[in-house]
>>> print(open('coords_10.cif').read())   # mmCIF, C-alpha atoms and all ligand atoms
data_entry
loop_
_atom_site.label_atom_id
_atom_site.label_comp_id
_atom_site.auth_asym_id
_atom_site.auth_seq_id
_atom_site.Cartn_x
_atom_site.Cartn_y
_atom_site.Cartn_z
CA MET A 954 5.63 -0.07 0.79
CA ILE A 955 1.86 -0.13 0.64
CA VAL A 956 0.80 3.48 0.29
CA MET A 957 -2.37 4.45 2.11
CA ASP A 958 -4.25 7.49 3.23
CA LEU A 959 -6.59 8.05 6.16
CA LYS A 960 -10.30 8.13 5.46
CA THR A 961 -12.02 11.40 6.29
CA PRO A 962 -13.07 12.08 9.91
CA GLU A 963 -16.71 11.89 8.80
CA GLU A 964 -16.19 8.46 7.19
CA ILE A 965 -14.48 7.17 10.33
CA LEU A 966 -17.27 8.40 12.62
CA ASP A 967 -19.88 6.91 10.26
CA MET A 968 -18.18 3.50 10.39
CA LEU A 969 -18.02 3.57 14.17
CA GLU A 970 -21.61 4.64 14.73
CA GLY A 971 -23.13 2.44 17.41
CA TYR A 972 -19.72 1.31 18.72
CA ASN A 973 -18.39 3.01 21.81
CA LYS A 974 -15.33 1.25 23.22
CA ILE A 975 -12.66 1.29 20.55
CA VAL A 976 -9.14 -0.16 20.29
CA LEU A 977 -6.81 1.25 17.65
CA PHE A 978 -4.16 -0.65 15.71
CA GLY A 979 -1.08 0.72 13.95
CA ASP A 980 2.41 -0.45 13.09
CA SER A 981 5.98 0.67 12.66
CA GLY A 982 6.06 -0.42 9.00
CA CYS A 983 4.05 1.00 6.12
CA ALA A 984 1.42 2.53 8.41
CA GLN A 985 3.97 4.63 10.24
CA LEU A 986 5.83 5.55 7.04
CA CYS A 987 2.56 6.72 5.49
CA ASP A 988 1.76 8.79 8.61
CA VAL A 989 -1.53 7.00 9.15
CA GLY A 990 -0.75 4.52 11.92
CA GLY A 991 2.36 5.62 13.79
CA ILE A 992 2.24 6.47 17.50
CA LEU A 993 1.54 10.11 16.67
CA GLN A 994 -1.48 9.27 14.51
CA LEU A 995 -2.76 6.73 17.05
CA GLU A 996 -2.68 9.44 19.70
CA ASP A 997 -4.29 11.98 17.38
CA MET A 998 -7.03 9.48 16.55
CA THR A 999 -7.54 8.81 20.27
CA ASP A 1000 -8.09 12.53 20.89
CA PHE A 1001 -10.38 12.85 17.87
CA LEU A 1002 -12.57 9.90 18.83
CA GLU A 1003 -12.79 10.95 22.47
CA GLU A 1004 -13.79 14.47 21.43
CA ASN A 1005 -16.58 12.79 19.51
CA GLY A 1006 -17.92 10.77 22.40
CA LYS A 1007 -16.05 7.49 21.96
CA GLN A 1008 -14.06 5.71 24.62
CA VAL A 1009 -10.67 4.66 23.31
CA LEU A 1010 -9.44 1.82 25.50
CA GLY A 1011 -5.93 2.04 24.04
CA TYR A 1012 -3.94 1.11 21.01
CA ILE A 1013 -1.82 -1.76 19.80
CA PHE A 1014 1.27 -0.67 17.92
CA VAL A 1015 2.80 -3.65 16.15
CA GLU A 1016 6.56 -3.43 15.81
CA GLY A 1017 7.50 -4.41 12.28
CA GLY A 1018 4.66 -5.06 9.90
CA ILE A 1019 1.09 -5.59 10.98
CA CYS A 1020 0.90 -8.08 8.08
CA ASP A 1021 2.91 -10.46 10.32
CA VAL A 1022 0.05 -12.56 11.65
CA ASN A 1023 2.11 -14.07 14.47
CA ALA A 1024 3.20 -10.65 15.71
CA VAL A 1025 -0.38 -9.34 15.71
CA SER A 1026 -1.63 -12.48 17.43
CA ARG A 1027 1.04 -12.12 20.12
CA ASP A 1028 0.15 -8.45 20.71
CA ILE A 1029 -3.55 -9.25 20.86
CA ASN A 1030 -2.90 -11.96 23.44
CA GLU A 1031 -0.79 -9.58 25.49
CA HIS A 1032 -3.71 -7.12 25.53
CA SER A 1033 -6.44 -9.71 25.93
CA GLU A 1034 -8.38 -7.78 28.60
CA MET A 1035 -8.53 -4.64 26.45
CA ILE A 1036 -9.47 -6.69 23.39
CA GLU A 1037 -12.20 -8.44 25.36
CA GLU A 1038 -13.68 -5.15 26.57
CA ALA A 1039 -13.67 -3.49 23.14
CA ASP A 1040 -16.78 -3.07 20.98
CA ALA A 1041 -14.73 -2.66 17.80
CA PHE A 1042 -11.26 -2.09 16.39
CA LEU A 1043 -10.15 0.76 14.17
CA ILE A 1044 -7.21 -0.30 11.99
CA GLN A 1045 -4.86 2.51 11.03
CA ALA A 1046 -2.96 0.33 8.57
CA CYS A 1047 -3.56 -1.37 5.23
CA GLY A 1048 -6.49 -3.54 4.19
CA VAL A 1049 -4.41 -6.63 4.92
CA ALA A 1050 -4.21 -5.57 8.55
CA THR A 1051 -7.96 -5.14 8.88
CA GLN A 1052 -8.48 -8.63 7.51
CA ILE A 1053 -5.89 -10.09 9.89
CA THR A 1054 -7.57 -8.61 12.98
CA THR A 1055 -10.93 -9.78 11.60
CA GLU A 1056 -9.59 -13.33 11.38
CA LEU A 1057 -7.84 -13.25 14.74
CA VAL A 1058 -10.79 -11.78 16.64
CA PRO A 1059 -13.83 -12.84 14.59
CA ASP A 1060 -16.42 -12.02 17.24
CA LYS A 1061 -15.61 -8.28 17.00
CA GLU A 1062 -15.69 -5.98 14.01
CA SER A 1063 -12.53 -4.42 12.59
CA PHE A 1064 -12.95 -1.21 10.62
CA PRO A 1065 -10.47 0.23 8.11
CA ALA A 1066 -9.33 3.75 8.94
CA THR A 1067 -7.41 3.96 5.67
CA ASN A 1068 -7.69 3.51 1.93
CA SER A 1069 -4.82 1.33 0.65
CA THR A 1070 -3.93 2.80 -2.69
CA PHE A 1071 -0.78 1.50 -4.34
CA LEU A 1072 2.71 0.09 -3.92
CA GLY A 1073 5.23 2.87 -4.08
CA LYS A 1074 8.35 4.67 -3.00
CA MET A 1075 8.63 7.65 -0.68
CA PRO A 1076 11.01 10.28 -2.09
CA GLU A 1077 10.08 12.67 0.74
CA ARG A 1078 7.98 12.41 3.84
CA PHE A 1079 4.27 12.80 2.96
CA GLN A 1080 5.09 12.14 -0.70
CA HIS A 1081 4.54 8.76 -2.37
CA GLU A 1082 4.89 7.61 -5.96
CA GLU A 1083 3.54 4.41 -7.47
CA THR A 1084 6.39 2.18 -8.64
CA CYS A 1085 5.17 -1.42 -8.77
CA ALA A 1086 1.83 -2.93 -9.78
CA LEU A 1087 2.56 -6.41 -8.36
CA CYS A 1088 2.29 -7.93 -11.84
CA GLY A 1089 3.70 -11.30 -10.75
CA ASN A 1090 6.52 -11.47 -13.33
CA CYS A 1091 9.10 -8.73 -12.87
CA ILE A 1092 10.79 -7.49 -16.04
CA LEU A 1093 12.93 -4.73 -14.55
CA HIS A 1094 16.10 -6.50 -15.76
CA LEU A 1095 14.93 -5.77 -19.32
CA THR A 1096 13.88 -2.18 -18.79
CA GLY A 1097 16.89 -0.78 -17.00
CA GLY A 1098 15.26 -1.08 -13.58
CA ILE A 1099 12.28 1.15 -14.44
CA CYS A 1100 8.77 -0.31 -14.39
CA PRO A 1101 6.60 0.45 -17.43
CA ILE A 1102 3.59 -1.31 -15.98
CA ALA A 1103 3.16 0.82 -12.88
CA ARG A 1104 4.70 4.01 -14.23
CA CYS A 1105 3.27 4.27 -17.75
CA SER A 1106 -0.21 5.77 -17.69
CA LYS A 1107 -1.30 3.13 -20.18
CA GLY A 1108 0.82 0.29 -18.76
CA ILE A 1109 2.32 -0.21 -22.22
CA LEU A 1110 4.83 -3.04 -22.55
CA ASN A 1111 6.11 -2.08 -26.00
CA GLY A 1112 6.19 1.69 -25.67
CA PRO A 1113 6.24 4.53 -26.12
CA CYS A 1114 2.70 5.22 -27.22
CA GLY A 1115 3.60 8.22 -29.38
CA GLY A 1116 1.91 10.78 -27.17
CA SER A 1117 4.91 11.93 -25.18
CA MET A 1118 6.23 15.46 -25.60
CA ASP A 1119 9.56 16.75 -24.30
CA GLY A 1120 9.95 13.67 -22.15
CA LYS A 1121 6.57 14.13 -20.48
CA CYS A 1122 3.57 11.83 -20.61
CA GLU A 1123 0.58 12.99 -22.61
CA ARG A 1124 -1.43 12.61 -19.43
CA ASP A 1125 -0.02 15.83 -17.92
CA ASP A 1126 3.07 18.02 -17.89
CA GLU A 1127 4.21 16.79 -14.48
CA THR A 1128 4.52 13.08 -15.26
CA ASP A 1129 7.63 11.78 -16.97
CA CYS A 1130 7.04 9.49 -19.93
CA VAL A 1131 8.41 6.30 -18.43
CA TRP A 1132 9.35 4.96 -21.86
CA GLN A 1133 11.54 8.02 -22.38
CA LEU A 1134 13.19 7.23 -19.04
CA ILE A 1135 13.64 3.60 -20.06
CA TYR A 1136 15.14 4.66 -23.39
CA GLU A 1137 17.63 7.01 -21.68
CA ARG A 1138 18.54 4.39 -19.14
CA LEU A 1139 19.05 1.59 -21.65
CA LYS A 1140 21.10 3.93 -23.82
CA LYS A 1141 23.35 4.67 -20.86
CA LEU A 1142 23.70 0.96 -20.15
CA GLY A 1143 24.47 0.19 -23.81
CA LYS A 1144 21.39 -2.02 -23.96
CA LEU A 1145 19.18 -0.23 -26.45
CA GLU A 1146 18.78 -3.49 -28.32
CA ASN A 1147 16.39 -4.51 -25.52
CA LEU A 1148 13.88 -2.17 -27.14
CA LYS A 1149 13.90 -4.21 -30.34
CA THR A 1150 12.34 -7.15 -28.57
CA ILE A 1151 8.59 -7.14 -29.02
CA TRP A 1152 7.13 -8.59 -25.88
CA GLU A 1153 4.21 -10.89 -26.06
CA ILE A 1154 1.02 -10.07 -24.29
CA LYS A 1155 1.69 -10.23 -20.57
CA ASP A 1156 0.23 -13.10 -18.61
CA TRP A 1157 -2.07 -11.16 -16.33
CA SER A 1158 -3.30 -14.36 -14.70
CA LEU A 1159 -0.16 -14.06 -12.56
CA SER A 1160 -1.52 -10.87 -11.05
CA GLN A 1161 -5.02 -12.09 -10.35
CA GLY A 1162 -6.07 -12.76 -6.81
CA PRO A 1163 -6.45 -14.39 -4.51
CA ARG A 1164 -2.80 -15.38 -4.73
CA SER A 1165 -0.63 -17.18 -2.21
CA LEU A 1166 3.07 -17.83 -2.07
CA THR A 1167 5.16 -20.19 -0.03
CA HIS A 1168 8.85 -19.42 -0.08
CA GLU A 1169 11.27 -22.20 -0.78
CA GLU A 1170 14.90 -22.18 0.21
CA PHE A 1171 17.07 -20.68 -2.54
S1 LIG A 1201 7.51 -5.38 -13.69
FE1 LIG A 1201 5.83 -6.12 -12.39
S2 LIG A 1201 6.81 -6.82 -10.47
FE2 LIG A 1201 8.34 -5.60 -11.61
S3 LIG A 1201 8.14 -3.53 -10.73
FE3 LIG A 1201 6.78 -3.60 -12.55
S4 LIG A 1201 4.76 -4.25 -11.80
FE4 LIG A 1201 6.27 -4.65 -10.18
S1 LIG A 1202 3.36 9.15 -23.02
FE1 LIG A 1202 4.77 7.57 -22.22
S2 LIG A 1202 4.16 7.21 -20.08
FE2 LIG A 1202 2.49 8.33 -21.10
S3 LIG A 1202 1.09 6.73 -21.79
FE3 LIG A 1202 2.48 7.16 -23.50
S4 LIG A 1202 4.19 5.70 -23.28
FE4 LIG A 1202 3.05 5.71 -21.34
#
>>> encode(input="coords_10.cif", output="structure tokens")
Amino acid sequence: MIVMDLKTPEEILDMLEGYNKIVLFGDSGCAQLCDVGGILQLEDMTDFLEENGKQVLGYIFVEGGICDVNAVSRDINEHSEMIEEADAFLIQACGVATQITTELVPDKESFPATNSTFLGKMPERFQHEETCALCGNCILHLTGGICPIARCSKGILNGPCGGSMDGKCERDDETDCVWQLIYERLKKLGKLENLKTIWEIKDWSLSQGPRSLTHEEF
């Protein structure tokens, strides 16, 4: 999931200065899982903005992912009167969502209520850990299913760096050294020989944007 956090109340009010009639957007995907754009947060934001003199015309809660352009377009069409009346939209979802509403309704401004931060897992509610850096060429089959790129503080492909102590990264005592984890995992799988392969420099052009992808049938 895309992990994101809400901007501060002050930042949100600053962005919306000069705009009065606001429509909020959220979704039942990443935004809800990150507790930034679920129904609860849309209602909290409504109360907050109204306490601060704004008129919230309503919200659009996209079932599924707000990155689904067709779904957002359909919901916007279903709420065309509200969209027409709005001065601006506040998007309680990722940066992709803000750009989609910008494209779909170009004559109104869409403002991001969140900071999209990383791609991660959610071990517990309100807790997120970075697990993938979208490198464009997944090597998890060689590392026992553990990503060195997103989870090593230095992104080292041929680790470890030599700074780990008692299984922890030299960065701090809380962070596991991912290369220690990879070593333990490969040992368990009987695949320690994977570590003898020296990988060539990674082709980072695969992770440079703007990227696009069209799926083909498998
Ligand atoms: S190897 Fe690349 S694609 Fe695979 S999990 Fe790590 S960053 Fe993501
Ligand atoms: S101690 Fe381990 S996780 Fe930390 S930077 Fe070095 S190799 Fe990467």
>>> residues_near_ligand(input="coords_10.cif", ligand="ligand LIG 1202 (chain A)", cutoff="7 Å", atoms="all atoms listed in the file", output="PDB file with C-alpha atoms, in the coordinates of the input")
ATOM      1  CA  ARG A1104       4.700   4.010 -14.230  1.00  0.00           C
ATOM      2  CA  CYS A1105       3.270   4.270 -17.750  1.00  0.00           C
ATOM      3  CA  SER A1106      -0.210   5.770 -17.690  1.00  0.00           C
ATOM      4  CA  LYS A1107      -1.300   3.130 -20.180  1.00  0.00           C
ATOM      5  CA  GLY A1108       0.820   0.290 -18.760  1.00  0.00           C
ATOM      6  CA  ILE A1109       2.320  -0.210 -22.220  1.00  0.00           C
ATOM      7  CA  GLY A1112       6.190   1.690 -25.670  1.00  0.00           C
ATOM      8  CA  PRO A1113       6.240   4.530 -26.120  1.00  0.00           C
ATOM      9  CA  CYS A1114       2.700   5.220 -27.220  1.00  0.00           C
ATOM     10  CA  GLY A1115       3.600   8.220 -29.380  1.00  0.00           C
ATOM     11  CA  GLY A1116       1.910  10.780 -27.170  1.00  0.00           C
ATOM     12  CA  SER A1117       4.910  11.930 -25.180  1.00  0.00           C
ATOM     13  CA  LYS A1121       6.570  14.130 -20.480  1.00  0.00           C
ATOM     14  CA  CYS A1122       3.570  11.830 -20.610  1.00  0.00           C
ATOM     15  CA  GLU A1123       0.580  12.990 -22.610  1.00  0.00           C
ATOM     16  CA  ARG A1124      -1.430  12.610 -19.430  1.00  0.00           C
ATOM     17  CA  ASP A1129       7.630  11.780 -16.970  1.00  0.00           C
ATOM     18  CA  CYS A1130       7.040   9.490 -19.930  1.00  0.00           C
ATOM     19  CA  VAL A1131       8.410   6.300 -18.430  1.00  0.00           C
ATOM     20  CA  TRP A1132       9.350   4.960 -21.860  1.00  0.00           C
ATOM     21  CA  GLN A1133      11.540   8.020 -22.380  1.00  0.00           C
TER      22      GLN A1133
END
>>> residues_near_ligand(input="coords_10.cif", ligand="ligand LIG 1201 (chain A)", cutoff="7 Å", atoms="all atoms listed in the file", output="tab-separated table (two decimals) with C-alpha atoms, in the coordinates of the input")
chain	number	residue	atom	x	y	z
A	1084	THR	CA	6.39	2.18	-8.64
A	1085	CYS	CA	5.17	-1.42	-8.77
A	1086	ALA	CA	1.83	-2.93	-9.78
A	1087	LEU	CA	2.56	-6.41	-8.36
A	1088	CYS	CA	2.29	-7.93	-11.84
A	1089	GLY	CA	3.70	-11.30	-10.75
A	1090	ASN	CA	6.52	-11.47	-13.33
A	1091	CYS	CA	9.10	-8.73	-12.87
A	1092	ILE	CA	10.79	-7.49	-16.04
A	1093	LEU	CA	12.93	-4.73	-14.55
A	1100	CYS	CA	8.77	-0.31	-14.39
A	1101	PRO	CA	6.60	0.45	-17.43
A	1102	ILE	CA	3.59	-1.31	-15.98
A	1103	ALA	CA	3.16	0.82	-12.88
>>> residues_around(input="coords_10.cif", residues="region 1059-1062 of chain A", least_positions_apart="2", cutoff="8 Å", atoms="only C-alpha atoms", output="list in words")
Asp1040, Ala1041, Phe1042, Thr1054, Thr1055, Glu1056, Leu1057 and Phe1064 of chain A
>>> residues_around(input="coords_10.cif", residues="Leu1002 (chain A)", least_positions_apart="6", cutoff="10 Å", atoms="all atoms listed in the file", output="PyMOL selection string")
chain A and resi 962+965-966+969+973+975+996+1008-1009
>>> residues_around(input="coords_10.cif", residues="Thr1070 (chain A)", least_positions_apart="3", cutoff="10 Å", atoms="all atoms listed in the file", output="PDB file with C-alpha atoms, in the coordinates of the input")
ATOM      1  CA  ILE A 955       1.860  -0.130   0.640  1.00  0.00           C
ATOM      2  CA  VAL A 956       0.800   3.480   0.290  1.00  0.00           C
ATOM      3  CA  MET A 957      -2.370   4.450   2.110  1.00  0.00           C
ATOM      4  CA  ASP A 958      -4.250   7.490   3.230  1.00  0.00           C
ATOM      5  CA  CYS A1047      -3.560  -1.370   5.230  1.00  0.00           C
ATOM      6  CA  GLY A1048      -6.490  -3.540   4.190  1.00  0.00           C
ATOM      7  CA  THR A1067      -7.410   3.960   5.670  1.00  0.00           C
ATOM      8  CA  GLY A1073       5.230   2.870  -4.080  1.00  0.00           C
ATOM      9  CA  GLU A1083       3.540   4.410  -7.470  1.00  0.00           C
TER      10      GLU A1083
END
>>> closest_residue(input="coords_10.cif", among="A:Asn1111, A:Glu1169, A:Asn1030, A:Glu970", to="Lys1149 (chain A)", atoms="all atoms listed in the file")
A:Asn1111
>>> atom_distance(input="coords_10.cif", atom1="CA of Asn1068 (chain A)", atom2="CA of Lys1007 (chain A)")
22.1 Å
>>> atom_distance(input="coords_10.cif", atom1="CA of Glu1031 (chain A)", atom2="CA of Ile1013 (chain A)")
9.7 Å
>>> closest_residue(input="coords_10.cif", among="A:Gly1162, A:Cys1020, A:Thr1167, A:Leu1095", to="Leu1148 (chain A)", atoms="all atoms listed in the file")
A:Leu1095
>>> residues_around(input="coords_10.cif", residues="Ser1033 (chain A)", least_positions_apart="6", cutoff="12 Å", atoms="only C-alpha atoms", output="list in words")
Val976, Leu1010, Gly1011, Ile1013, Val1025, Ser1026, Arg1027, Ala1039, Leu1057 and Val1058 of chain A
>>> residues_near_point(input="coords_10.cif", point="(-1.0, 4.6, 11.2)", cutoff="10 Å", atoms="only C-alpha atoms", output="PyMOL selection string")
chain A and resi 957-959+977-996+998+1014+1044-1047+1066-1067
>>> axis_aligned_box(input="coords_10.cif", around="region 1105-1116 of chain A", padding_each_side="5 Å", output="AutoDock Vina command-line options")
--center_x 2.5 --center_y 3.9 --center_z -23.5 --size_x 17.5 --size_y 23.8 --size_z 21.7
>>> atom_distance(input="coords_10.cif", atom1="CA of Glu964 (chain A)", atom2="CA of Pro1065 (chain A)")
10.1 Å
>>> decode(input="coords_10.cif", residues="region 969-989 of chain A", atoms="C-alpha atoms", output="CSV table (one decimal), in the first residue's frame")
chain,number,residue,atom,x,y,z
A,969,LEU,CA,-7.5,26.3,1.3
A,970,GLU,CA,-7.2,30.0,2.0
A,971,GLY,CA,-9.5,31.9,-0.3
A,972,TYR,CA,-11.6,28.8,-1.1
A,973,ASN,CA,-14.8,28.4,0.7
A,974,LYS,CA,-17.0,25.6,-0.7
A,975,ILE,CA,-15.0,22.4,-0.4
A,976,VAL,CA,-15.6,18.8,-1.5
A,977,LEU,CA,-13.5,16.1,0.1
A,978,PHE,CA,-12.3,12.9,-1.5
A,979,GLY,CA,-11.2,9.6,0.2
A,980,ASP,CA,-11.2,5.9,-0.7
A,981,SER,CA,-11.6,2.5,0.8
A,982,GLY,CA,-8.1,1.5,-0.3
A,983,CYS,CA,-4.8,2.9,0.9
A,984,ALA,CA,-6.4,6.1,2.2
A,985,GLN,CA,-8.7,4.2,4.5
A,986,LEU,CA,-6.0,1.8,5.6
A,987,CYS,CA,-3.7,4.7,6.5
A,988,ASP,CA,-6.5,6.4,8.5
A,989,VAL,CA,-6.3,9.5,6.3
